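For reference, data_13.pdb (PDB, C-alpha atoms):
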```pdb
ATOM      1  CA  MET A 298       9.252  22.970   1.021  1.00  0.00           C
ATOM      2  CA  LEU A 299       6.665  24.132  -1.499  1.00  0.00           C
ATOM      3  CA  SER A 300       4.917  27.427  -1.026  1.00  0.00           C
ATOM      4  CA  ARG A 301       1.159  27.482  -0.610  1.00  0.00           C
ATOM      5  CA  ALA A 302       0.810  28.950  -4.113  1.00  0.00           C
ATOM      6  CA  ALA A 303       2.854  26.108  -5.613  1.00  0.00           C
ATOM      7  CA  ARG A 304       0.765  23.498  -3.827  1.00  0.00           C
ATOM      8  CA  GLU A 305      -2.449  25.128  -5.071  1.00  0.00           C
ATOM      9  CA  CYS A 306      -1.005  25.106  -8.600  1.00  0.00           C
ATOM     10  CA  ASP A 307      -0.413  21.363  -8.245  1.00  0.00           C
ATOM     11  CA  TYR A 308      -4.046  20.782  -7.389  1.00  0.00           C
ATOM     12  CA  GLN A 309      -5.166  22.947 -10.308  1.00  0.00           C
ATOM     13  CA  VAL A 310      -3.057  20.877 -12.689  1.00  0.00           C
ATOM     14  CA  VAL A 311      -4.496  17.687 -11.236  1.00  0.00           C
ATOM     15  CA  GLY A 312      -8.018  18.974 -11.495  1.00  0.00           C
ATOM     16  CA  SER A 313      -7.789  20.346 -15.029  1.00  0.00           C
ATOM     17  CA  HIS A 314      -5.855  17.469 -16.680  1.00  0.00           C
ATOM     18  CA  GLN A 315      -4.472  20.056 -19.084  1.00  0.00           C
ATOM     19  CA  GLY A 316      -1.032  21.016 -20.302  1.00  0.00           C
ATOM     20  CA  ASP A 317       2.245  19.162 -20.600  1.00  0.00           C
ATOM     21  CA  ASP A 318       2.022  16.809 -17.613  1.00  0.00           C
ATOM     22  CA  PHE A 319       5.569  15.485 -17.980  1.00  0.00           C
ATOM     23  CA  GLY A 320       6.985  18.973 -18.442  1.00  0.00           C
ATOM     24  CA  TYR A 321       5.303  20.114 -15.251  1.00  0.00           C
ATOM     25  CA  LEU A 322       6.538  17.069 -13.334  1.00  0.00           C
ATOM     26  CA  LEU A 323      10.083  17.742 -14.569  1.00  0.00           C
ATOM     27  CA  LYS A 324       9.897  21.358 -13.445  1.00  0.00           C
ATOM     28  CA  ARG A 325       8.714  20.305 -10.001  1.00  0.00           C
ATOM     29  CA  CYS A 326      11.476  17.681  -9.775  1.00  0.00           C
ATOM     30  CA  ARG A 327      14.038  20.385 -10.509  1.00  0.00           C
ATOM     31  CA  ASP A 328      12.473  22.586  -7.849  1.00  0.00           C
ATOM     32  CA  LEU A 329      13.259  19.780  -5.397  1.00  0.00           C
ATOM     33  CA  GLY A 330      16.906  19.648  -6.485  1.00  0.00           C
ATOM     34  CA  PHE A 331      16.835  16.847  -9.058  1.00  0.00           C
ATOM     35  CA  ASP A 332      18.026  16.934 -12.644  1.00  0.00           C
ATOM     36  CA  TYR A 333      15.945  14.106 -14.028  1.00  0.00           C
ATOM     37  CA  CYS A 334      12.355  12.937 -13.976  1.00  0.00           C
ATOM     38  CA  ALA A 335      11.264   9.514 -15.190  1.00  0.00           C
ATOM     39  CA  THR A 336       7.859   7.888 -15.445  1.00  0.00           C
ATOM     40  CA  GLY A 337       7.058   4.280 -16.242  1.00  0.00           C
ATOM     41  CA  ILE A 338       3.734   2.585 -16.878  1.00  0.00           C
ATOM     42  CA  GLN A 339       3.195  -1.148 -17.360  1.00  0.00           C
ATOM     43  CA  LEU A 340      -0.201  -2.297 -18.580  1.00  0.00           C
ATOM     44  CA  PRO A 341      -1.524  -5.707 -17.464  1.00  0.00           C
ATOM     45  CA  LEU A 342      -2.197  -6.733 -21.082  1.00  0.00           C
ATOM     46  CA  PRO A 343      -1.362  -8.416 -23.355  1.00  0.00           C
ATOM     47  CA  VAL A 344      -0.599 -11.296 -20.987  1.00  0.00           C
ATOM     48  CA  SER A 345       2.346 -12.652 -23.001  1.00  0.00           C
ATOM     49  CA  ALA A 346       4.099  -9.288 -23.282  1.00  0.00           C
ATOM     50  CA  PRO A 347       2.595  -6.467 -21.194  1.00  0.00           C
ATOM     51  CA  LYS A 348       2.993  -3.086 -22.867  1.00  0.00           C
ATOM     52  CA  THR A 349       5.353  -0.657 -21.122  1.00  0.00           C
ATOM     53  CA  VAL A 350       5.463   3.105 -21.641  1.00  0.00           C
ATOM     54  CA  LEU A 351       8.540   5.027 -20.466  1.00  0.00           C
ATOM     55  CA  GLU A 352       9.186   8.777 -20.510  1.00  0.00           C
ATOM     56  CA  ASN A 353      12.180  10.623 -19.071  1.00  0.00           C
ATOM     57  CA  ASN A 354      14.777  13.273 -19.768  1.00  0.00           C
ATOM     58  CA  TYR A 355      17.797  11.014 -19.247  1.00  0.00           C
ATOM     59  CA  SER A 356      20.620  11.250 -21.754  1.00  0.00           C
ATOM     60  CA  ALA A 357      20.108   9.447 -25.049  1.00  0.00           C
ATOM     61  CA  ALA A 358      23.116   7.273 -24.196  1.00  0.00           C
ATOM     62  CA  TRP A 359      21.596   6.073 -20.903  1.00  0.00           C
ATOM     63  CA  GLN A 360      18.220   5.445 -22.516  1.00  0.00           C
ATOM     64  CA  ALA A 361      19.899   3.354 -25.215  1.00  0.00           C
ATOM     65  CA  GLU A 362      21.983   1.400 -22.692  1.00  0.00           C
ATOM     66  CA  TYR A 363      18.946   0.836 -20.459  1.00  0.00           C
ATOM     67  CA  ALA A 364      17.090  -0.681 -23.408  1.00  0.00           C
ATOM     68  CA  ARG A 365      20.067  -2.634 -24.773  1.00  0.00           C
ATOM     69  CA  SER A 366      20.835  -4.232 -21.411  1.00  0.00           C
ATOM     70  CA  ASN A 367      17.163  -4.917 -20.692  1.00  0.00           C
ATOM     71  CA  TYR A 368      17.473  -3.040 -17.426  1.00  0.00           C
ATOM     72  CA  LEU A 369      13.703  -2.718 -17.230  1.00  0.00           C
ATOM     73  CA  ALA A 370      13.697  -6.364 -16.126  1.00  0.00           C
ATOM     74  CA  ASN A 371      16.622  -5.873 -13.726  1.00  0.00           C
ATOM     75  CA  ASP A 372      16.227  -2.352 -12.357  1.00  0.00           C
ATOM     76  CA  PRO A 373      16.337  -2.902  -8.554  1.00  0.00           C
ATOM     77  CA  THR A 374      14.300   0.202  -7.796  1.00  0.00           C
ATOM     78  CA  ILE A 375      11.174  -1.236  -9.431  1.00  0.00           C
ATOM     79  CA  PRO A 376      10.466  -4.293  -7.220  1.00  0.00           C
ATOM     80  CA  TYR A 377      11.598  -2.353  -4.148  1.00  0.00           C
ATOM     81  CA  ALA A 378       9.186   0.514  -4.842  1.00  0.00           C
ATOM     82  CA  LEU A 379       6.327  -1.872  -5.609  1.00  0.00           C
ATOM     83  CA  ILE A 380       6.504  -3.528  -2.183  1.00  0.00           C
ATOM     84  CA  THR A 381       6.916  -0.262  -0.289  1.00  0.00           C
ATOM     85  CA  CYS A 382       4.217   2.191   0.690  1.00  0.00           C
ATOM     86  CA  GLY A 383       5.384   5.684  -0.219  1.00  0.00           C
ATOM     87  CA  PRO A 384       8.661   7.015  -1.634  1.00  0.00           C
ATOM     88  CA  VAL A 385      11.853   4.925  -1.503  1.00  0.00           C
ATOM     89  CA  LEU A 386      15.502   5.910  -1.634  1.00  0.00           C
ATOM     90  CA  TRP A 387      17.585   4.349  -4.369  1.00  0.00           C
ATOM     91  CA  SER A 388      20.485   3.974  -1.945  1.00  0.00           C
ATOM     92  CA  HIS A 389      18.619   1.135  -0.232  1.00  0.00           C
ATOM     93  CA  THR A 390      19.113  -0.986  -3.354  1.00  0.00           C
ATOM     94  CA  TYR A 391      22.770  -0.212  -4.118  1.00  0.00           C
ATOM     95  CA  SER A 392      24.052  -3.509  -2.710  1.00  0.00           C
ATOM     96  CA  ARG A 393      21.578  -5.586  -4.734  1.00  0.00           C
ATOM     97  CA  ALA A 394      22.702  -4.677  -8.256  1.00  0.00           C
ATOM     98  CA  ARG A 395      26.188  -3.162  -8.283  1.00  0.00           C
ATOM     99  CA  PRO A 396      26.777  -3.563 -12.066  1.00  0.00           C
ATOM    100  CA  PHE A 397      23.508  -1.730 -12.772  1.00  0.00           C
ATOM    101  CA  TRP A 398      24.368   1.151 -10.445  1.00  0.00           C
ATOM    102  CA  GLU A 399      27.915   1.439 -11.743  1.00  0.00           C
ATOM    103  CA  ASP A 400      26.538   1.694 -15.251  1.00  0.00           C
ATOM    104  CA  ALA A 401      23.916   4.251 -14.190  1.00  0.00           C
ATOM    105  CA  ALA A 402      26.510   6.371 -12.374  1.00  0.00           C
ATOM    106  CA  GLY A 403      28.610   6.411 -15.535  1.00  0.00           C
ATOM    107  CA  HIS A 404      25.693   8.130 -17.260  1.00  0.00           C
ATOM    108  CA  GLY A 405      25.141  10.699 -14.518  1.00  0.00           C
ATOM    109  CA  VAL A 406      22.227   8.866 -12.882  1.00  0.00           C
ATOM    110  CA  GLU A 407      23.286   7.872  -9.389  1.00  0.00           C
ATOM    111  CA  HIS A 408      21.079   9.251  -6.626  1.00  0.00           C
ATOM    112  CA  GLY A 409      17.325   9.327  -6.518  1.00  0.00           C
ATOM    113  CA  VAL A 410      13.953   8.462  -5.100  1.00  0.00           C
ATOM    114  CA  SER A 411      10.980   6.596  -6.577  1.00  0.00           C
ATOM    115  CA  ILE A 412       7.342   6.105  -5.763  1.00  0.00           C
ATOM    116  CA  ALA A 413       5.054   3.419  -7.216  1.00  0.00           C
ATOM    117  CA  MET A 414       1.317   3.391  -7.689  1.00  0.00           C
ATOM    118  CA  ARG A 415      -1.360   1.055  -9.023  1.00  0.00           C
ATOM    119  CA  HIS A 416      -4.309   1.658 -11.315  1.00  0.00           C
ATOM    120  CA  HIS A 417      -7.611  -0.104 -10.659  1.00  0.00           C
ATOM    121  CA  SER A 418      -7.097  -2.037 -13.914  1.00  0.00           C
ATOM    122  CA  GLY A 419      -3.970  -3.665 -12.528  1.00  0.00           C
ATOM    123  CA  ALA A 420      -1.583  -1.354 -14.395  1.00  0.00           C
ATOM    124  CA  LEU A 421       1.562  -0.353 -12.512  1.00  0.00           C
ATOM    125  CA  GLY A 422       3.163   3.079 -12.545  1.00  0.00           C
ATOM    126  CA  MET A 423       6.323   4.577 -11.115  1.00  0.00           C
ATOM    127  CA  LEU A 424       7.688   8.099 -10.803  1.00  0.00           C
ATOM    128  CA  SER A 425      11.397   8.673 -10.202  1.00  0.00           C
ATOM    129  CA  LEU A 426      13.465  11.755  -9.401  1.00  0.00           C
ATOM    130  CA  ALA A 427      17.203  11.472 -10.022  1.00  0.00           C
ATOM    131  CA  ARG A 428      20.506  13.310 -10.121  1.00  0.00           C
ATOM    132  CA  GLY A 429      24.164  12.527 -10.547  1.00  0.00           C
ATOM    133  CA  HIS A 430      25.460  14.730  -7.738  1.00  0.00           C
ATOM    134  CA  ASP A 431      24.949  14.890  -3.973  1.00  0.00           C
ATOM    135  CA  LYS A 432      23.717  11.761  -2.271  1.00  0.00           C
ATOM    136  CA  VAL A 433      20.171  12.028  -0.943  1.00  0.00           C
ATOM    137  CA  CYS A 434      20.579  11.906   2.832  1.00  0.00           C
ATOM    138  CA  HIS A 435      17.797  10.765   5.132  1.00  0.00           C
ATOM    139  CA  ARG A 436      17.292  14.297   6.449  1.00  0.00           C
ATOM    140  CA  GLU A 437      16.700  15.677   2.950  1.00  0.00           C
ATOM    141  CA  PHE A 438      14.490  12.715   2.143  1.00  0.00           C
ATOM    142  CA  ALA A 439      12.337  13.415   5.192  1.00  0.00           C
ATOM    143  CA  GLN A 440      11.983  17.048   4.122  1.00  0.00           C
ATOM    144  CA  PHE A 441      10.715  16.390   0.611  1.00  0.00           C
ATOM    145  CA  SER A 442       9.017  12.983   0.906  1.00  0.00           C
ATOM    146  CA  LEU A 443       5.553  14.547   1.205  1.00  0.00           C
ATOM    147  CA  GLU A 444       6.189  16.527  -1.970  1.00  0.00           C
ATOM    148  CA  VAL A 445       7.225  13.330  -3.760  1.00  0.00           C
ATOM    149  CA  ILE A 446       3.954  11.751  -2.643  1.00  0.00           C
ATOM    150  CA  ARG A 447       2.123  14.772  -4.043  1.00  0.00           C
ATOM    151  CA  LEU A 448       3.926  14.430  -7.362  1.00  0.00           C
ATOM    152  CA  GLY A 449       3.072  10.734  -7.383  1.00  0.00           C
ATOM    153  CA  GLU A 450      -0.589  11.622  -6.918  1.00  0.00           C
ATOM    154  CA  MET A 451      -0.349  14.118  -9.775  1.00  0.00           C
ATOM    155  CA  PHE A 452       1.174  11.479 -12.020  1.00  0.00           C
ATOM    156  CA  ALA A 453      -1.464   8.945 -10.982  1.00  0.00           C
ATOM    157  CA  VAL A 454      -4.484  11.078 -11.840  1.00  0.00           C
ATOM    158  CA  THR A 455      -3.095  12.675 -15.001  1.00  0.00           C
ATOM    159  CA  LYS A 456      -0.524  10.947 -17.179  1.00  0.00           C
ATOM    160  CA  PHE A 457      -0.896   7.485 -15.611  1.00  0.00           C
ATOM    161  CA  ALA A 458      -4.690   7.321 -15.790  1.00  0.00           C
ATOM    162  CA  GLN A 459      -4.831   8.943 -19.234  1.00  0.00           C
ATOM    163  CA  THR A 460      -2.270   6.539 -20.681  1.00  0.00           C
ATOM    164  CA  VAL A 461      -4.080   3.483 -19.326  1.00  0.00           C
ATOM    165  CA  GLU A 462      -7.431   4.655 -20.682  1.00  0.00           C
ATOM    166  CA  ARG A 463      -5.901   5.510 -24.080  1.00  0.00           C
ATOM    167  CA  LEU A 464      -3.922   2.301 -24.584  1.00  0.00           C
ATOM    168  CA  LEU A 465      -6.260  -0.017 -22.713  1.00  0.00           C
ATOM    169  CA  PRO A 466      -9.822   1.260 -23.238  1.00  0.00           C
ATOM    170  CA  GLU A 467     -11.134  -2.057 -21.909  1.00  0.00           C
ATOM    171  CA  SER A 468     -10.094  -0.841 -18.451  1.00  0.00           C
ATOM    172  CA  ILE A 469     -13.053   1.550 -18.314  1.00  0.00           C
ATOM    173  CA  VAL A 470     -15.618  -0.909 -19.677  1.00  0.00           C
ATOM    174  CA  VAL A 471     -18.796  -1.386 -17.661  1.00  0.00           C
ATOM    175  CA  LEU A 472     -20.312  -4.853 -17.809  1.00  0.00           C
ATOM    176  CA  THR A 473     -23.965  -5.431 -17.015  1.00  0.00           C
ATOM    177  CA  ALA A 474     -24.947  -7.773 -14.189  1.00  0.00           C
ATOM    178  CA  ARG A 475     -26.089 -10.402 -16.697  1.00  0.00           C
ATOM    179  CA  GLU A 476     -22.853 -10.133 -18.724  1.00  0.00           C
ATOM    180  CA  LYS A 477     -20.875 -10.685 -15.535  1.00  0.00           C
ATOM    181  CA  GLU A 478     -22.967 -13.723 -14.654  1.00  0.00           C
ATOM    182  CA  VAL A 479     -22.429 -15.293 -18.067  1.00  0.00           C
ATOM    183  CA  LEU A 480     -18.677 -14.633 -17.952  1.00  0.00           C
ATOM    184  CA  LYS A 481     -18.392 -16.081 -14.458  1.00  0.00           C
ATOM    185  CA  TRP A 482     -20.075 -19.314 -15.491  1.00  0.00           C
ATOM    186  CA  THR A 483     -17.890 -19.380 -18.606  1.00  0.00           C
ATOM    187  CA  ALA A 484     -14.849 -18.957 -16.381  1.00  0.00           C
ATOM    188  CA  ASP A 485     -16.044 -21.995 -14.431  1.00  0.00           C
ATOM    189  CA  GLY A 486     -15.972 -24.040 -17.634  1.00  0.00           C
ATOM    190  CA  LYS A 487     -19.688 -24.030 -18.417  1.00  0.00           C
ATOM    191  CA  THR A 488     -20.848 -24.138 -22.031  1.00  0.00           C
ATOM    192  CA  SER A 489     -23.495 -21.753 -23.318  1.00  0.00           C
ATOM    193  CA  GLU A 490     -26.068 -24.531 -23.005  1.00  0.00           C
ATOM    194  CA  GLU A 491     -25.096 -25.250 -19.394  1.00  0.00           C
ATOM    195  CA  ALA A 492     -25.042 -21.544 -18.484  1.00  0.00           C
ATOM    196  CA  ALA A 493     -28.467 -21.134 -20.068  1.00  0.00           C
ATOM    197  CA  GLY A 494     -29.830 -23.903 -17.878  1.00  0.00           C
ATOM    198  CA  ILE A 495     -28.311 -22.471 -14.723  1.00  0.00           C
ATOM    199  CA  LEU A 496     -29.560 -18.954 -15.451  1.00  0.00           C
ATOM    200  CA  ASN A 497     -32.927 -20.163 -16.748  1.00  0.00           C
ATOM    201  CA  LYS A 498     -32.349 -18.302 -20.007  1.00  0.00           C
ATOM    202  CA  SER A 499     -32.307 -19.395 -23.631  1.00  0.00           C
ATOM    203  CA  VAL A 500     -29.014 -20.327 -25.296  1.00  0.00           C
ATOM    204  CA  ASN A 501     -29.548 -17.447 -27.717  1.00  0.00           C
ATOM    205  CA  THR A 502     -29.776 -15.034 -24.789  1.00  0.00           C
ATOM    206  CA  VAL A 503     -26.562 -16.352 -23.255  1.00  0.00           C
ATOM    207  CA  ASN A 504     -24.765 -16.156 -26.598  1.00  0.00           C
ATOM    208  CA  PHE A 505     -26.041 -12.612 -27.051  1.00  0.00           C
ATOM    209  CA  HIS A 506     -24.472 -11.568 -23.751  1.00  0.00           C
ATOM    210  CA  ILE A 507     -21.229 -13.328 -24.671  1.00  0.00           C
ATOM    211  CA  LYS A 508     -21.159 -11.482 -27.983  1.00  0.00           C
ATOM    212  CA  GLN A 509     -21.687  -8.192 -26.144  1.00  0.00           C
ATOM    213  CA  THR A 510     -18.741  -8.871 -23.848  1.00  0.00           C
ATOM    214  CA  LEU A 511     -16.524  -9.757 -26.828  1.00  0.00           C
ATOM    215  CA  THR A 512     -17.292  -6.364 -28.352  1.00  0.00           C
ATOM    216  CA  LYS A 513     -16.829  -4.419 -25.117  1.00  0.00           C
ATOM    217  CA  LEU A 514     -13.561  -6.152 -24.222  1.00  0.00           C
ATOM    218  CA  ASN A 515     -12.199  -6.258 -27.774  1.00  0.00           C
ATOM    219  CA  ALA A 516     -11.815 -10.023 -27.441  1.00  0.00           C
ATOM    220  CA  VAL A 517     -11.626 -12.572 -30.255  1.00  0.00           C
ATOM    221  CA  ASN A 518     -13.322 -15.336 -28.258  1.00  0.00           C
ATOM    222  CA  LYS A 519     -14.965 -15.928 -24.912  1.00  0.00           C
ATOM    223  CA  THR A 520     -11.789 -17.346 -23.377  1.00  0.00           C
ATOM    224  CA  GLN A 521      -9.961 -14.087 -24.019  1.00  0.00           C
ATOM    225  CA  ALA A 522     -12.976 -12.141 -22.761  1.00  0.00           C
ATOM    226  CA  VAL A 523     -12.891 -14.041 -19.466  1.00  0.00           C
ATOM    227  CA  VAL A 524      -9.132 -13.533 -19.087  1.00  0.00           C
ATOM    228  CA  LYS A 525      -9.400  -9.819 -19.772  1.00  0.00           C
ATOM    229  CA  ALA A 526     -12.327  -9.392 -17.409  1.00  0.00           C
ATOM    230  CA  LEU A 527     -10.506 -11.188 -14.603  1.00  0.00           C
ATOM    231  CA  ILE A 528      -7.219  -9.326 -15.091  1.00  0.00           C
ATOM    232  CA  LEU A 529      -9.004  -5.971 -15.267  1.00  0.00           C
ATOM    233  CA  LYS A 530     -11.006  -6.876 -12.159  1.00  0.00           C
ATOM    234  CA  LEU A 531     -14.325  -6.440 -13.941  1.00  0.00           C
ATOM    235  CA  LEU A 532     -15.822  -9.588 -12.422  1.00  0.00           C
TER     236      LEU A 532
END
```
What is this file in structure tokens?
Amino acid sequence: MLSRAARECDYQVVGSHQGDDFGYLLKRCRDLGFDYCATGIQLPLPVSAPKTVLENNYSAAWQAEYARSNYLANDPTIPYALITCGPVLWSHTYSRARPFWEDAAGHGVEHGVSIAMRHHSGALGMLSLARGHDKVCHREFAQFSLEVIRLGEMFAVTKFAQTVERLLPESIVVLTAREKEVLKWTADGKTSEEAAGILNKSVNTVNFHIKQTLTKLNAVNKTQAVVKALILKLL
């Protein structure tokens, strides 16, 4: 269990957003008895191939095998963590993907726990703590689960949020009420002329608002602007 001083340090790191966030997470993972720390972030855009950002201290061999075998699409811990509130034990997924776990064990990654979180933009994030020795029993899990939640919160408000804002600046865009109205009618299939009639505005005014949303959302046309706004929950 963390000391009071360690917990206060966590909150200071969260509040300041300074320093090597991953390095601090790794140190805290080791304090809890784990050798490895891994973070994953999947952005909701582009739609055809969402960008994924991974960081961990796994061996180079396991990182290469994970990529070569496309384990990101088949890692059983990911869907399990995403449908569970709070930390999850890897052992609950062992029977679902034996080849994956046999491969992972061969690279010293066998036992662990993960916690998933969501960004308001729709981005998904996951923090994992792992080791190749000593199975994580339910008693140990109960003892450190609150600390894993704390680390998940740290990850969410530092590295996760910063990465989303850096790689997807559209996620922090603020649309005006009129821009939202125009995009909503566009989403319903209305032309600029039809939207102008509904809103009792000139076509030039409607097109002006559309142009503003294209700039804010870094969109090449109004169809892409609508898609981005919907995915990022801006409407």
Next item on the list: I would like the residues chosen by the PyMOL selection byres ((chain A and resi 424) around 6) on the shown file; could you give them as a list in words?
Entry: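 This file, filtered by the PyMOL selection byres ((chain A and resi 424) around 6), leaves Ala335, Thr336, Ser411, Ile412, Met423 and Ser425 of chain A.
The smallest atom-to-atom distance between Leu527 (chain A) and any of A:Thr488, A:Thr381, A:Ser468, A:Asn515, using all atoms listed in the file, is found for A:Ser468.
Comparing A:His408, A:Arg395, A:Lys487, A:Lys513 by their smallest distance to Asp372 (chain A), the closest is A:Arg395 (using all atoms listed in the file).
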Check: Using the chain letters and numbers from the file, which residues does the PyMOL selection byres ((chain A and resi 449-458) around 10) grab, as a VMD selection string?
Finding: chain A and resid 307 to 308 310 to 315 317 to 319 321 to 322 336 to 339 350 383 to 384 411 to 418 420 to 425 443 to 448 459 to 463
Note to self: Given the PyMOL selection byres ((chain A and resi 431) around 10) and the file above, list the residues it selects as a ChimeraX atom specification.
What the structure shows: /A:330-331,407-409,428-430,432-434
Excluding region 473-485 of chain A and residues on its chain fewer than 2 positions from it, collect all residues at most 9 Å away from it, counting all atoms listed in the file, and give them as a compact mmCIF listing (two decimals) with C-alpha atoms, in the frame of the given file.
```txt
# COMPACT_ATOMS: atom_id res chain seq x y z
CA VAL A 471 -18.80 -1.39 -17.66
CA LYS A 487 -19.69 -24.03 -18.42
CA THR A 488 -20.85 -24.14 -22.03
CA SER A 489 -23.50 -21.75 -23.32
CA GLU A 491 -25.10 -25.25 -19.39
CA ALA A 492 -25.04 -21.54 -18.48
CA ALA A 493 -28.47 -21.13 -20.07
CA ILE A 495 -28.31 -22.47 -14.72
CA LEU A 496 -29.56 -18.95 -15.45
CA VAL A 503 -26.56 -16.35 -23.26
CA ASN A 504 -24.76 -16.16 -26.60
CA HIS A 506 -24.47 -11.57 -23.75
CA ILE A 507 -21.23 -13.33 -24.67
CA GLN A 509 -21.69 -8.19 -26.14
CA THR A 510 -18.74 -8.87 -23.85
CA LYS A 519 -14.96 -15.93 -24.91
CA THR A 520 -11.79 -17.35 -23.38
CA ALA A 522 -12.98 -12.14 -22.76
CA VAL A 523 -12.89 -14.04 -19.47
CA VAL A 524 -9.13 -13.53 -19.09
CA ALA A 526 -12.33 -9.39 -17.41
CA LEU A 531 -14.32 -6.44 -13.94
CA LEU A 532 -15.82 -9.59 -12.42
```
Note to self: Restricting the calculation to all atoms listed in the file: of A:Leu529, A:Val385, A:Val406, A:Glu490, which residue gets closest to Phe438 (chain A)?
What the structure shows: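 Using all atoms listed in the file, Phe438 (chain A) sits closest to A:Val385.
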Note to self: For a test of reading the model, state the distance in Å between CA of Trp387 (chain A) and CA of Val344 (chain A), rounded to one decimal.
What the structure shows: 29.2 Å
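Of note, CA of Tyr355 (chain A) and CA of Cys334 (chain A) are spaced 7.8 Å apart.
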Next item on the list: Grab the CA of Ala427 (chain A) to CA of Tyr368 (chain A) distance for me, in Å with one decimal place.
Entry: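 Separating CA of Ala427 (chain A) from CA of Tyr368 (chain A) is a distance of 16.3 Å.
The shortest atom-to-atom distance to His389 (chain A), with only C-alpha atoms taken into account, belongs to A:His435 out of A:Lys498, A:His435, A:Arg365, A:His404.
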Next item on the list: Using all atoms listed in the file, pick whichever of A:Leu426, A:Leu465, A:Ile380, A:Ala358 has the shortest atom-to-atom distance to Asp400 (chain A).
Entry: A:Ala358
Notebook entry, point to check: Taking into account only C-alpha atoms, which residue in the set A:Tyr377, A:Phe441, A:Trp359, A:Phe505 is nearest to Leu329 (chain A)?
Noted result: A:Phe441
Let me know the centre plus edge lengths, in Å and rounded to one decimal, of a box with edges along x, y and z that contains all listed atoms of region 448-453 of chain A and is padded by 4 Å on every side, as AutoDock Vina command-line options.
```
--center_x 1.2 --center_y 11.7 --center_z -9.5 --size_x 13.4 --size_y 13.5 --size_z 13.1
```
How about completing region 369-381 of chain A with N, CA and C atoms and giving it to me as a compact mmCIF listing (two decimals), in the coordinates of the input?
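Saved result, selection-v4.txt, follows:
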```
# COMPACT_ATOMS: atom_id res chain seq x y z
N LEU A 369 15.07 -2.79 -17.73
CA LEU A 369 13.70 -2.72 -17.23
C LEU A 369 13.37 -3.96 -16.42
N ALA A 370 13.95 -5.10 -16.82
CA ALA A 370 13.70 -6.36 -16.13
C ALA A 370 14.62 -6.54 -14.93
N ASN A 371 15.64 -5.69 -14.80
CA ASN A 371 16.62 -5.87 -13.73
C ASN A 371 16.85 -4.62 -12.88
N ASP A 372 16.09 -3.59 -13.12
CA ASP A 372 16.23 -2.35 -12.36
C ASP A 372 15.79 -2.62 -10.91
N PRO A 373 16.69 -2.54 -9.94
CA PRO A 373 16.34 -2.90 -8.55
C PRO A 373 15.36 -1.95 -7.88
N THR A 374 15.22 -0.74 -8.42
CA THR A 374 14.30 0.20 -7.80
C THR A 374 12.84 -0.19 -8.01
N ILE A 375 12.57 -0.92 -9.10
CA ILE A 375 11.17 -1.24 -9.43
C ILE A 375 10.54 -2.20 -8.43
N PRO A 376 11.10 -3.40 -8.19
CA PRO A 376 10.47 -4.29 -7.22
C PRO A 376 10.47 -3.71 -5.81
N TYR A 377 11.52 -2.94 -5.49
CA TYR A 377 11.60 -2.35 -4.15
C TYR A 377 10.47 -1.34 -3.94
N ALA A 378 10.24 -0.50 -4.96
CA ALA A 378 9.19 0.51 -4.84
C ALA A 378 7.80 -0.13 -4.80
N LEU A 379 7.64 -1.23 -5.53
CA LEU A 379 6.33 -1.87 -5.61
C LEU A 379 5.90 -2.55 -4.30
N ILE A 380 6.86 -2.89 -3.46
CA ILE A 380 6.50 -3.53 -2.18
C ILE A 380 6.56 -2.55 -1.02
N THR A 381 6.79 -1.28 -1.32
CA THR A 381 6.92 -0.26 -0.29
C THR A 381 5.81 0.76 -0.42
```
